[in-house]
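Data file: target.cif. Format and content: mmCIF, C-alpha atoms and all ligand atoms.
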```cif
data_protein
loop_
_atom_site.label_atom_id
_atom_site.label_comp_id
_atom_site.auth_asym_id
_atom_site.auth_seq_id
_atom_site.Cartn_x
_atom_site.Cartn_y
_atom_site.Cartn_z
CA MET Q 1 -31.93 -49.99 -5.62
CA LYS Q 2 -30.24 -47.29 -3.53
CA THR Q 3 -31.26 -46.65 0.08
CA ALA Q 4 -29.54 -45.24 3.16
CA ILE Q 5 -28.63 -48.84 4.06
CA THR Q 6 -27.10 -49.80 0.69
CA GLU Q 7 -25.04 -46.60 0.91
CA MET Q 8 -24.01 -47.13 4.53
CA PHE Q 9 -22.88 -50.74 4.06
CA ASN Q 10 -21.73 -50.41 0.45
CA ILE Q 11 -24.02 -53.20 -0.79
CA GLU Q 12 -26.09 -53.54 -3.98
CA HIS Q 13 -29.46 -54.61 -2.52
CA PRO Q 14 -31.10 -53.50 0.76
CA ILE Q 15 -31.28 -57.05 2.10
CA ILE Q 16 -29.47 -58.26 5.23
CA GLN Q 17 -29.14 -61.82 6.50
CA GLY Q 18 -29.52 -61.64 10.27
CA GLY Q 19 -27.16 -63.54 12.54
CA MET Q 20 -28.44 -67.07 13.18
CA HIS Q 21 -27.02 -69.52 15.68
CA TYR Q 22 -25.57 -72.59 13.89
CA VAL Q 23 -26.76 -71.22 10.50
CA GLY Q 24 -24.72 -68.05 10.04
CA PHE Q 25 -21.49 -69.72 8.94
CA ALA Q 26 -19.16 -68.44 6.21
CA GLU Q 27 -21.00 -70.40 3.48
CA LEU Q 28 -24.27 -68.54 3.99
CA ALA Q 29 -22.79 -65.12 4.79
CA GLY Q 30 -20.49 -65.37 1.75
CA ALA Q 31 -23.38 -66.39 -0.54
CA VAL Q 32 -25.58 -63.51 0.64
CA SER Q 33 -22.79 -60.97 0.18
CA ASN Q 34 -21.87 -62.40 -3.23
CA ALA Q 35 -25.53 -62.00 -4.27
CA GLY Q 36 -25.39 -58.30 -3.39
CA GLY Q 37 -26.91 -58.41 0.10
CA LEU Q 38 -25.15 -58.22 3.46
CA GLY Q 39 -24.16 -61.62 4.87
CA ILE Q 40 -23.56 -61.94 8.60
CA ILE Q 41 -21.50 -64.54 10.46
CA THR Q 42 -22.90 -65.45 13.88
CA GLY Q 43 -20.07 -64.67 16.28
CA LEU Q 44 -21.09 -66.80 19.24
CA THR Q 45 -21.71 -69.96 17.18
CA GLN Q 46 -17.91 -70.03 17.10
CA ARG Q 47 -17.04 -71.43 20.53
CA THR Q 48 -13.91 -69.28 20.94
CA PRO Q 49 -12.65 -65.95 19.56
CA GLU Q 50 -9.88 -67.94 17.77
CA LEU Q 51 -12.49 -70.01 15.94
CA LEU Q 52 -14.36 -66.83 14.99
CA ALA Q 53 -11.13 -65.43 13.52
CA LYS Q 54 -10.86 -68.60 11.37
CA GLU Q 55 -14.50 -68.33 10.26
CA ILE Q 56 -13.98 -64.69 9.26
CA ALA Q 57 -10.89 -65.70 7.26
CA ARG Q 58 -12.93 -68.47 5.56
CA CYS Q 59 -15.58 -65.93 4.58
CA HIS Q 60 -12.93 -63.57 3.16
CA ASP Q 61 -11.89 -66.51 0.94
CA LEU Q 62 -15.49 -66.86 -0.29
CA THR Q 63 -16.30 -63.22 -1.06
CA ASP Q 64 -14.63 -59.89 -1.78
CA LYS Q 65 -17.84 -58.07 -0.86
CA PRO Q 66 -18.62 -56.58 2.57
CA PHE Q 67 -19.95 -58.94 5.23
CA GLY Q 68 -20.58 -58.51 8.95
CA VAL Q 69 -20.48 -60.37 12.26
CA ASN Q 70 -23.34 -60.72 14.76
CA LEU Q 71 -22.65 -60.34 18.47
CA THR Q 72 -25.57 -61.37 20.66
CA PHE Q 73 -25.82 -60.25 24.28
CA LEU Q 74 -28.36 -62.63 25.81
CA PRO Q 75 -28.62 -64.31 29.20
CA ALA Q 76 -26.44 -67.42 28.86
CA PHE Q 77 -25.44 -70.26 31.16
CA SER Q 78 -21.90 -68.77 31.07
CA ALA Q 79 -21.01 -65.32 29.68
CA PRO Q 80 -18.77 -65.32 26.57
CA PRO Q 81 -15.52 -63.25 26.51
CA TYR Q 82 -16.94 -60.36 24.45
CA PRO Q 83 -13.78 -58.16 24.35
CA GLU Q 84 -11.84 -61.07 22.84
CA TYR Q 85 -14.58 -61.67 20.27
CA ILE Q 86 -14.44 -57.96 19.36
CA ALA Q 87 -10.66 -58.21 18.99
CA ALA Q 88 -11.12 -61.10 16.53
CA ILE Q 89 -13.69 -59.04 14.60
CA ARG Q 90 -11.36 -56.03 14.46
CA GLN Q 91 -8.34 -58.08 13.45
CA GLY Q 92 -10.42 -59.83 10.78
CA GLY Q 93 -10.97 -56.48 9.08
CA ILE Q 94 -14.74 -56.55 9.69
CA LYS Q 95 -16.38 -53.14 9.33
CA ILE Q 96 -20.00 -54.04 10.13
CA VAL Q 97 -21.30 -55.58 13.35
CA GLU Q 98 -24.89 -56.55 14.05
CA THR Q 99 -25.52 -56.45 17.79
CA ALA Q 100 -28.58 -57.94 19.45
CA GLY Q 101 -30.07 -58.69 22.83
CA ARG Q 102 -28.90 -56.34 25.54
CA SER Q 103 -27.60 -52.84 24.74
CA PRO Q 104 -24.12 -52.81 23.15
CA GLU Q 105 -23.29 -49.57 25.03
CA ARG Q 106 -20.32 -51.04 26.96
CA TYR Q 107 -18.69 -52.17 23.74
CA MET Q 108 -19.42 -49.14 21.55
CA PRO Q 109 -16.08 -47.37 22.25
CA ALA Q 110 -14.11 -50.47 21.13
CA LEU Q 111 -16.28 -50.97 18.04
CA LYS Q 112 -16.22 -47.31 17.04
CA ALA Q 113 -12.44 -47.04 17.61
CA ALA Q 114 -12.05 -49.80 15.00
CA GLY Q 115 -14.17 -47.85 12.47
CA ILE Q 116 -16.94 -50.45 12.69
CA LYS Q 117 -20.53 -49.57 11.74
CA VAL Q 118 -22.99 -50.96 14.29
CA ILE Q 119 -26.53 -52.02 13.47
CA HIS Q 120 -28.40 -52.94 16.65
CA LYS Q 121 -31.44 -55.20 16.57
CA CYS Q 122 -34.31 -53.79 18.67
CA THR Q 123 -37.86 -54.92 19.33
CA SER Q 124 -39.18 -51.55 20.52
CA VAL Q 125 -39.05 -47.86 19.67
CA ARG Q 126 -37.52 -47.01 23.07
CA HIS Q 127 -34.64 -49.44 22.57
CA SER Q 128 -34.16 -48.11 19.02
CA LEU Q 129 -33.90 -44.56 20.35
CA LYS Q 130 -31.41 -45.72 22.97
CA ALA Q 131 -29.35 -47.35 20.21
CA GLU Q 132 -29.38 -44.08 18.28
CA GLN Q 133 -28.37 -42.18 21.41
CA ILE Q 134 -25.36 -44.42 22.20
CA GLY Q 135 -24.01 -44.00 18.66
CA CYS Q 136 -25.30 -46.98 16.68
CA ASP Q 137 -25.29 -46.25 12.96
CA ALA Q 138 -28.52 -48.07 12.15
CA VAL Q 139 -31.21 -50.20 13.73
CA SER Q 140 -32.78 -53.51 12.73
CA VAL Q 141 -36.37 -53.10 13.95
CA ASP Q 142 -37.56 -56.58 14.86
CA GLY Q 143 -41.34 -57.10 15.04
CA PHE Q 144 -43.34 -59.63 17.04
CA GLU Q 145 -43.51 -61.93 13.98
CA CYS Q 146 -39.78 -62.57 14.09
CA GLY Q 147 -37.95 -65.82 14.60
CA GLY Q 148 -35.84 -65.66 17.75
CA HIS Q 149 -36.39 -63.16 20.55
CA PRO Q 150 -39.26 -60.71 19.87
CA GLY Q 151 -38.96 -59.02 23.28
CA GLU Q 152 -41.89 -58.65 25.65
CA ASP Q 153 -43.99 -55.90 24.01
CA ASP Q 154 -45.61 -58.10 21.33
CA MET Q 155 -45.61 -55.26 18.79
CA PRO Q 156 -46.06 -56.36 15.17
CA ASN Q 157 -44.18 -54.62 12.38
CA MET Q 158 -47.29 -52.98 10.90
CA ILE Q 159 -47.23 -50.62 13.91
CA LEU Q 160 -43.61 -50.85 15.04
CA LEU Q 161 -42.07 -49.76 11.72
CA PRO Q 162 -44.10 -46.58 11.17
CA ARG Q 163 -43.54 -45.72 14.85
CA ALA Q 164 -39.79 -46.21 14.37
CA ALA Q 165 -39.97 -43.97 11.28
CA GLU Q 166 -41.70 -41.28 13.35
CA GLU Q 167 -38.97 -41.25 15.98
CA LEU Q 168 -35.62 -42.32 14.53
CA LYS Q 169 -33.08 -40.12 12.76
CA ILE Q 170 -30.71 -42.97 11.86
CA PRO Q 171 -31.73 -45.43 9.10
CA PHE Q 172 -33.41 -48.70 10.00
CA VAL Q 173 -34.26 -51.98 8.31
CA ALA Q 174 -37.37 -54.04 8.98
CA SER Q 175 -36.80 -57.43 10.56
CA GLY Q 176 -39.29 -60.20 11.31
CA GLY Q 177 -41.74 -61.63 8.82
CA MET Q 178 -39.72 -60.61 5.75
CA ALA Q 179 -39.78 -63.15 2.91
CA ASP Q 180 -40.13 -61.63 -0.52
CA ALA Q 181 -40.63 -58.54 -2.68
CA ARG Q 182 -43.99 -57.84 -1.05
CA SER Q 183 -42.23 -57.57 2.32
CA LEU Q 184 -39.52 -55.31 0.90
CA VAL Q 185 -41.85 -52.90 -0.89
CA ALA Q 186 -44.23 -52.74 2.09
CA VAL Q 187 -41.49 -51.90 4.59
CA LEU Q 188 -39.94 -49.32 2.28
CA ALA Q 189 -43.39 -47.66 2.25
CA MET Q 190 -43.36 -47.70 6.05
CA GLY Q 191 -40.06 -45.85 6.24
CA ALA Q 192 -37.51 -48.66 6.43
CA ALA Q 193 -34.38 -48.51 4.26
CA GLY Q 194 -34.28 -52.25 3.67
CA MET Q 195 -35.06 -55.58 5.28
CA ASN Q 196 -33.39 -58.18 7.45
CA MET Q 197 -34.32 -61.84 6.91
CA GLY Q 198 -33.57 -64.79 9.15
CA THR Q 199 -35.85 -67.79 8.70
CA ARG Q 200 -36.22 -67.30 4.91
CA PHE Q 201 -32.44 -67.60 4.41
CA ILE Q 202 -32.34 -71.01 6.16
CA ALA Q 203 -34.39 -72.51 3.32
CA THR Q 204 -31.72 -71.87 0.69
CA LYS Q 205 -29.30 -74.25 -1.02
CA GLU Q 206 -26.25 -72.64 0.58
CA ALA Q 207 -27.50 -72.58 4.19
CA PRO Q 208 -25.13 -75.10 5.81
CA VAL Q 209 -27.79 -76.96 7.78
CA HIS Q 210 -29.30 -80.46 7.59
CA ASP Q 211 -31.84 -80.99 4.78
CA ASN Q 212 -34.47 -81.96 7.40
CA VAL Q 213 -34.46 -78.34 8.61
CA LYS Q 214 -35.08 -76.94 5.12
CA LYS Q 215 -37.82 -79.51 4.47
CA ALA Q 216 -39.47 -78.70 7.82
CA LEU Q 217 -39.55 -75.01 6.89
CA VAL Q 218 -41.19 -75.70 3.52
CA ALA Q 219 -43.73 -78.03 5.20
CA ALA Q 220 -44.66 -75.70 8.09
CA SER Q 221 -47.42 -73.10 8.04
CA GLU Q 222 -47.67 -69.69 9.68
CA LEU Q 223 -49.53 -71.40 12.54
CA ASP Q 224 -46.61 -73.63 13.49
CA THR Q 225 -44.49 -71.36 15.70
CA ARG Q 226 -44.73 -71.15 19.48
CA LEU Q 227 -43.53 -68.61 22.06
CA VAL Q 228 -41.45 -70.09 24.87
CA MET Q 229 -39.68 -68.73 27.99
CA ARG Q 230 -42.11 -65.84 28.52
CA ALA Q 231 -42.20 -66.49 32.29
CA ILE Q 232 -38.47 -65.73 32.54
CA ARG Q 233 -38.70 -62.69 30.22
CA ASN Q 234 -36.55 -64.32 27.56
CA THR Q 235 -39.37 -64.96 25.09
CA GLU Q 236 -38.34 -66.86 21.98
CA ARG Q 237 -40.36 -67.75 18.88
CA VAL Q 238 -39.57 -71.32 17.85
CA LEU Q 239 -40.85 -74.00 15.48
CA LYS Q 240 -43.17 -76.43 17.27
CA ASN Q 241 -41.87 -79.96 17.73
CA ALA Q 242 -41.97 -82.72 20.35
CA GLY Q 243 -39.21 -81.05 22.43
CA VAL Q 244 -41.10 -77.75 22.39
CA GLU Q 245 -44.33 -79.51 23.46
CA ARG Q 246 -42.39 -80.94 26.44
CA LEU Q 247 -41.04 -77.47 27.23
CA LEU Q 248 -44.52 -75.91 27.09
CA GLU Q 249 -45.83 -78.64 29.39
CA ILE Q 250 -43.12 -77.81 31.97
CA GLU Q 251 -43.94 -74.11 31.58
CA ARG Q 252 -47.63 -74.80 32.23
CA GLU Q 253 -46.75 -76.85 35.35
CA LYS Q 254 -44.31 -74.33 36.84
CA GLY Q 255 -46.17 -71.14 35.87
CA ALA Q 256 -44.54 -67.95 37.17
CA LYS Q 257 -42.08 -70.06 39.22
CA LEU Q 258 -40.32 -71.31 36.08
CA LYS Q 259 -36.51 -71.19 36.21
CA ILE Q 260 -34.15 -71.64 33.29
CA GLU Q 261 -32.77 -74.80 34.97
CA ASP Q 262 -36.23 -76.40 34.67
CA ILE Q 263 -36.04 -76.33 30.87
CA ARG Q 264 -32.32 -76.79 30.36
CA ASP Q 265 -32.76 -80.06 28.41
CA GLU Q 266 -35.20 -78.41 25.99
CA VAL Q 267 -33.20 -75.22 25.34
CA ALA Q 268 -29.49 -75.90 25.90
CA GLY Q 269 -27.36 -77.59 23.25
CA VAL Q 270 -30.34 -77.97 20.89
CA TYR Q 271 -28.93 -76.13 17.86
CA PRO Q 272 -26.21 -78.61 16.81
CA LYS Q 273 -28.71 -81.48 17.20
CA VAL Q 274 -31.19 -79.73 14.89
CA MET Q 275 -28.93 -77.95 12.42
CA ILE Q 276 -26.16 -80.56 12.09
CA ASP Q 277 -27.85 -83.89 12.96
CA GLY Q 278 -31.30 -82.97 11.59
CA ASP Q 279 -33.05 -84.11 14.79
CA MET Q 280 -36.19 -82.01 14.39
CA ASP Q 281 -37.66 -82.90 17.80
CA ALA Q 282 -34.61 -81.97 19.87
CA GLY Q 283 -36.07 -78.84 21.47
CA ALA Q 284 -36.42 -75.10 20.99
CA TRP Q 285 -34.89 -73.49 17.93
CA SER Q 286 -35.85 -70.08 16.53
CA CYS Q 287 -38.24 -69.81 13.61
CA GLY Q 288 -40.43 -66.92 12.44
CA MET Q 289 -44.11 -66.85 11.48
CA VAL Q 290 -42.80 -66.09 8.00
CA VAL Q 291 -42.30 -69.85 7.69
CA GLY Q 292 -45.85 -69.82 6.23
CA LEU Q 293 -44.47 -67.92 3.22
CA ILE Q 294 -41.60 -70.32 2.51
CA HIS Q 295 -42.48 -72.72 -0.30
CA ASP Q 296 -39.15 -73.53 -1.95
CA ILE Q 297 -35.40 -73.93 -1.46
CA PRO Q 298 -33.71 -71.66 -4.02
CA THR Q 299 -30.06 -70.62 -4.12
CA VAL Q 300 -29.36 -67.40 -2.23
CA LYS Q 301 -28.75 -65.62 -5.54
CA GLU Q 302 -32.04 -66.89 -7.01
CA LEU Q 303 -33.86 -65.69 -3.89
CA ILE Q 304 -32.30 -62.23 -3.84
CA ASP Q 305 -32.58 -61.73 -7.63
CA ARG Q 306 -36.23 -62.77 -7.46
CA ILE Q 307 -36.95 -60.35 -4.62
CA MET Q 308 -35.33 -57.43 -6.44
CA ALA Q 309 -36.97 -58.19 -9.82
CA ASP Q 310 -40.41 -58.66 -8.22
CA ALA Q 311 -39.95 -55.49 -6.15
CA GLU Q 312 -39.28 -53.48 -9.28
CA HIS Q 313 -42.34 -55.00 -10.95
CA LEU Q 314 -44.48 -54.30 -7.85
CA ILE Q 315 -43.42 -50.66 -7.67
CA ARG Q 316 -43.50 -49.88 -11.41
CA ASP Q 317 -46.54 -51.88 -12.47
CA ARG Q 318 -48.75 -52.53 -9.48
CA LEU Q 319 -48.22 -49.38 -7.39
CA MET Q 320 -47.64 -46.88 -10.19
CA GLY Q 321 -50.48 -48.58 -12.08
CA LEU Q 322 -52.85 -47.73 -9.22
CA LEU Q 323 -52.34 -44.04 -9.94
CA GLY Q 324 -54.24 -42.41 -12.79
CA THR Q 325 -52.22 -40.95 -15.68
CA GLU Q 326 -52.76 -37.48 -14.31
CA SER Q 327 -51.41 -38.26 -10.84
CA LYS Q 328 -48.52 -40.21 -12.39
CA ALA Q 329 -47.51 -37.06 -14.25
CA SER Q 330 -47.73 -34.94 -11.12
CA LEU Q 331 -45.77 -37.62 -9.21
CA LYS Q 332 -42.94 -37.26 -11.76
CA VAL Q 333 -42.90 -33.49 -11.31
CA ALA Q 334 -42.84 -33.91 -7.53
C1 LIG Z 401 -32.52 -70.30 13.60
C2 LIG Z 401 -32.37 -68.87 14.01
C3 LIG Z 401 -31.32 -68.52 14.84
C4 LIG Z 401 -31.15 -67.20 15.23
N1 LIG Z 401 -30.08 -66.86 16.01
C5 LIG Z 401 -29.85 -65.56 16.30
C6 LIG Z 401 -28.70 -65.17 17.01
O1 LIG Z 401 -27.88 -66.00 17.42
N2 LIG Z 401 -28.51 -63.85 17.25
C7 LIG Z 401 -29.40 -62.90 16.81
O2 LIG Z 401 -29.16 -61.71 17.02
N3 LIG Z 401 -30.51 -63.24 16.13
C8 LIG Z 401 -30.75 -64.53 15.86
N4 LIG Z 401 -31.85 -64.87 15.13
C9 LIG Z 401 -32.78 -63.80 14.67
C10 LIG Z 401 -32.46 -63.36 13.23
O3 LIG Z 401 -31.22 -62.74 13.14
C11 LIG Z 401 -33.51 -62.38 12.70
O4 LIG Z 401 -33.53 -61.23 13.51
C12 LIG Z 401 -34.89 -63.00 12.68
O5 LIG Z 401 -34.83 -64.31 12.19
C13 LIG Z 401 -35.83 -62.16 11.83
O6 LIG Z 401 -37.09 -62.72 11.77
P1 LIG Z 401 -37.55 -63.74 10.61
O7 LIG Z 401 -37.07 -65.08 11.04
O8 LIG Z 401 -39.02 -63.60 10.60
O9 LIG Z 401 -36.89 -63.29 9.33
C14 LIG Z 401 -32.06 -66.20 14.78
C15 LIG Z 401 -33.13 -66.57 13.95
C16 LIG Z 401 -33.29 -67.88 13.57
C17 LIG Z 401 -34.45 -68.23 12.67
#
```

Translate the structure of the given file into structure tokens.
Ligand SMILES: Cc1cc2nc3c(=O)[nH]c(=O)nc-3n(C[C@H](O)[C@H](O)[C@H](O)COP(=O)(O)O)c2cc1C
Amino acid sequence: MKTAITEMFNIEHPIIQGGMHYVGFAELAGAVSNAGGLGIITGLTQRTPELLAKEIARCHDLTDKPFGVNLTFLPAFSAPPYPEYIAAIRQGGIKIVETAGRSPERYMPALKAAGIKVIHKCTSVRHSLKAEQIGCDAVSVDGFECGGHPGEDDMPNMILLPRAAEELKIPFVASGGMADARSLVAVLAMGAAGMNMGTRFIATKEAPVHDNVKKALVAASELDTRLVMRAIRNTERVLKNAGVERLLEIEREKGAKLKIEDIRDEVAGVYPKVMIDGDMDAGAWSCGMVVGLIHDIPTVKELIDRIMADAEHLIRDRLMGLLGTESKASLKVA
């Protein structure tokens, strides 16, 4: 399938694996790129720019295909040295960067000077337009369903994507709630040039996380995510667990007076405990509502091949089949 995104990133299928803290290591990014999608290493999971350089080199050993690096600009207990991370990305020969969180405007000159294509993840039309205006090449439009930070507008993709299509000139992919061929075909109809998946890629054989995480995703339903940190305008969609219940209890007690320090134990340092140790009750870790659509743990290639084969079947048989013979003929002429 050819779209503006497959052309821009020189990939076979319009499927991107979004950056994921403690999941987006070389193993997963390499597997996604080898399967014809775009794999993304999560920059800040590497504690130093030197470690990121090593992770990029490891991914080059795993694939000859294009892959990218995610740089997330979120409020943190201590700000990472972004220019040094960008230097590691540049020196690693990376040509695609997924930015997220705050606007990447400050860093655009450095990224563009290195010939890097920037896809910025946005949860609103206004932020998408800002990304276009500051020179981003594409946008990942992230709906309210998404795992991670859905922003504060609570706008689901059914509205957000067509609105983005109405306003944007640069290509965009749909992010949040994407799981299968149905997601892909639906978002193509809404004007997207592909899709970005996070949660779905965690439940794959290659995702380098503890088996407990994959099993928890298969077991969970679409009702099992919770929104946390709304009071401090850092809303995150996470999988419910005992740590998250504690966090929500503190949030209820503190109300609008909540400070990040109040919930430090439930949000800081949680990822290694969950992803490496498999401690599923450690605290808040991102997970999308799409978890309700995850029923198996295939290899990345099986997942991507299945999505593309089913998408072709959906378009050719189901959608074309809905048209009468007469309209099919006129569709061909058009
Ligand atoms: C476990 C996990 C960790 C994530 N970490 C990051 C991150 O560090 N930076 C980022 O930009 N997005 C992060 N995301 C968001 C994903 O890149 C992607 O936008 C999101 O998962 C899409 O929604 P979905 O989960 O419904 O597919 C994370 C998502 C998950 C599930």

Min atom-atom distance to ligand LIG 401 (chain Z) from the set Q:Gly194, Q:Gly151, Q:Gly19, Q:Gly269, counting only C-alpha atoms and all ligand atoms, belongs to Q:Gly19

Gly43 in chain Q proximity check over Q:Glu253, Q:Glu98, Q:Asp281, Q:Asp262, using all atoms listed in the file: winner is Q:Glu98

(Q) ligand LIG 401 (chain Z): which residues are within 9 Å, counting only C-alpha atoms and all ligand atoms? Reply as a PyMOL selection string. (A) chain Q and resi 17-24+40+42-45+70-74+98-101+120-121+140-150+174-179+195-202+237-238+271+275+285-291

Considering all atoms listed in the file, tabulate each residue of range 53-166 of chain Q that lies at most 10 Å from range 26-37 of chain Q along with its nearest interatomic pair and the corresponding distance in Å to one decimal; arrange the rows by chain and ascending residue number and present them as a Markdown table.
```
| residue | atom | partner | partner_atom | distance |
| --- | --- | --- | --- | --- |
| Q:Lys54 | CA | Q:Ala26 | CA | 9.8 |
| Q:Glu55 | CA | Q:Ala26 | CA | 6.2 |
| Q:Ile56 | CA | Q:Ala26 | CA | 7.1 |
| Q:Ala57 | CA | Q:Ala26 | CA | 8.8 |
| Q:Arg58 | CA | Q:Ala26 | CA | 6.3 |
| Q:Cys59 | CA | Q:Ala26 | CA | 4.7 |
| Q:His60 | CA | Q:Gly30 | CA | 7.9 |
| Q:Asp61 | CA | Q:Gly30 | CA | 8.7 |
| Q:Leu62 | CA | Q:Gly30 | CA | 5.6 |
| Q:Thr63 | CA | Q:Gly30 | CA | 5.5 |
| Q:Asp64 | CA | Q:Asn34 | CA | 7.8 |
| Q:Lys65 | CA | Q:Ser33 | CA | 5.8 |
| Q:Pro66 | CA | Q:Ser33 | CA | 6.5 |
| Q:Phe67 | CA | Q:Ser33 | CA | 6.1 |
| Q:Gly68 | CA | Q:Ala29 | CA | 8.1 |
| Q:Val69 | CA | Q:Ala29 | CA | 9.1 |
```

So that I can check the surroundings of His210 in chain Q, please list as a PDB file with C-alpha atoms, keeping the file's coordinate frame every protein, DNA and RNA residue that reaches within 12 Å of it, counting all atoms listed in the file and ignoring chain neighbours fewer than 4 positions away.
```pdb
ATOM      1  CA  TYR Q  22     -25.570 -72.590  13.890  1.00  0.00           C
ATOM      2  CA  VAL Q  23     -26.760 -71.220  10.500  1.00  0.00           C
ATOM      3  CA  ILE Q 202     -32.340 -71.010   6.160  1.00  0.00           C
ATOM      4  CA  ALA Q 203     -34.390 -72.510   3.320  1.00  0.00           C
ATOM      5  CA  THR Q 204     -31.720 -71.870   0.690  1.00  0.00           C
ATOM      6  CA  LYS Q 205     -29.300 -74.250  -1.020  1.00  0.00           C
ATOM      7  CA  GLU Q 206     -26.250 -72.640   0.580  1.00  0.00           C
ATOM      8  CA  LYS Q 214     -35.080 -76.940   5.120  1.00  0.00           C
ATOM      9  CA  LYS Q 215     -37.820 -79.510   4.470  1.00  0.00           C
ATOM     10  CA  ALA Q 216     -39.470 -78.700   7.820  1.00  0.00           C
ATOM     11  CA  LEU Q 217     -39.550 -75.010   6.890  1.00  0.00           C
ATOM     12  CA  TYR Q 271     -28.930 -76.130  17.860  1.00  0.00           C
ATOM     13  CA  PRO Q 272     -26.210 -78.610  16.810  1.00  0.00           C
ATOM     14  CA  LYS Q 273     -28.710 -81.480  17.200  1.00  0.00           C
ATOM     15  CA  VAL Q 274     -31.190 -79.730  14.890  1.00  0.00           C
ATOM     16  CA  MET Q 275     -28.930 -77.950  12.420  1.00  0.00           C
ATOM     17  CA  ILE Q 276     -26.160 -80.560  12.090  1.00  0.00           C
ATOM     18  CA  ASP Q 277     -27.850 -83.890  12.960  1.00  0.00           C
ATOM     19  CA  GLY Q 278     -31.300 -82.970  11.590  1.00  0.00           C
ATOM     20  CA  ASP Q 279     -33.050 -84.110  14.790  1.00  0.00           C
ATOM     21  CA  MET Q 280     -36.190 -82.010  14.390  1.00  0.00           C
TER      22      MET Q 280
END
```

Original post:
Quick one: distance from CA of Ala79 in chain Q to CA of Glu261 in chain Q in Å, one decimal?
Top reply: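 Straight-line distance from CA of Ala79 in chain Q to CA of Glu261 in chain Q works out to 16.0 Å.
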
Would you mind putting back N, CA and C atoms on range 262-274 of chain Q, then writing it out as a compact mmCIF listing (two decimals), in the frame of the given file?
```
# COMPACT_ATOMS: atom_id res chain seq x y z
N ASP Q 262 -35.12 -75.45 34.88
CA ASP Q 262 -36.23 -76.40 34.67
C ASP Q 262 -36.33 -76.86 33.22
N ILE Q 263 -35.84 -76.02 32.30
CA ILE Q 263 -36.04 -76.33 30.87
C ILE Q 263 -34.70 -76.49 30.14
N ARG Q 264 -33.66 -76.70 30.94
CA ARG Q 264 -32.32 -76.79 30.36
C ARG Q 264 -32.25 -77.81 29.21
N ASP Q 265 -32.84 -79.00 29.43
CA ASP Q 265 -32.76 -80.06 28.41
C ASP Q 265 -33.42 -79.64 27.10
N GLU Q 266 -34.44 -78.78 27.19
CA GLU Q 266 -35.20 -78.41 25.99
C GLU Q 266 -34.62 -77.18 25.29
N VAL Q 267 -33.73 -76.43 25.98
CA VAL Q 267 -33.20 -75.22 25.34
C VAL Q 267 -31.67 -75.19 25.18
N ALA Q 268 -30.96 -75.98 25.98
CA ALA Q 268 -29.49 -75.90 25.90
C ALA Q 268 -28.95 -76.99 24.98
N GLY Q 269 -28.02 -76.61 24.13
CA GLY Q 269 -27.36 -77.59 23.25
C GLY Q 269 -28.26 -78.15 22.15
N VAL Q 270 -29.37 -77.47 21.88
CA VAL Q 270 -30.34 -77.97 20.89
C VAL Q 270 -29.86 -77.71 19.45
N TYR Q 271 -29.24 -76.55 19.23
CA TYR Q 271 -28.93 -76.13 17.86
C TYR Q 271 -28.09 -77.13 17.05
N PRO Q 272 -26.97 -77.64 17.62
CA PRO Q 272 -26.21 -78.61 16.81
C PRO Q 272 -27.03 -79.85 16.49
N LYS Q 273 -27.89 -80.28 17.45
CA LYS Q 273 -28.71 -81.48 17.20
C LYS Q 273 -29.67 -81.24 16.02
N VAL Q 274 -30.23 -80.03 15.96
CA VAL Q 274 -31.19 -79.73 14.89
C VAL Q 274 -30.44 -79.44 13.58
```
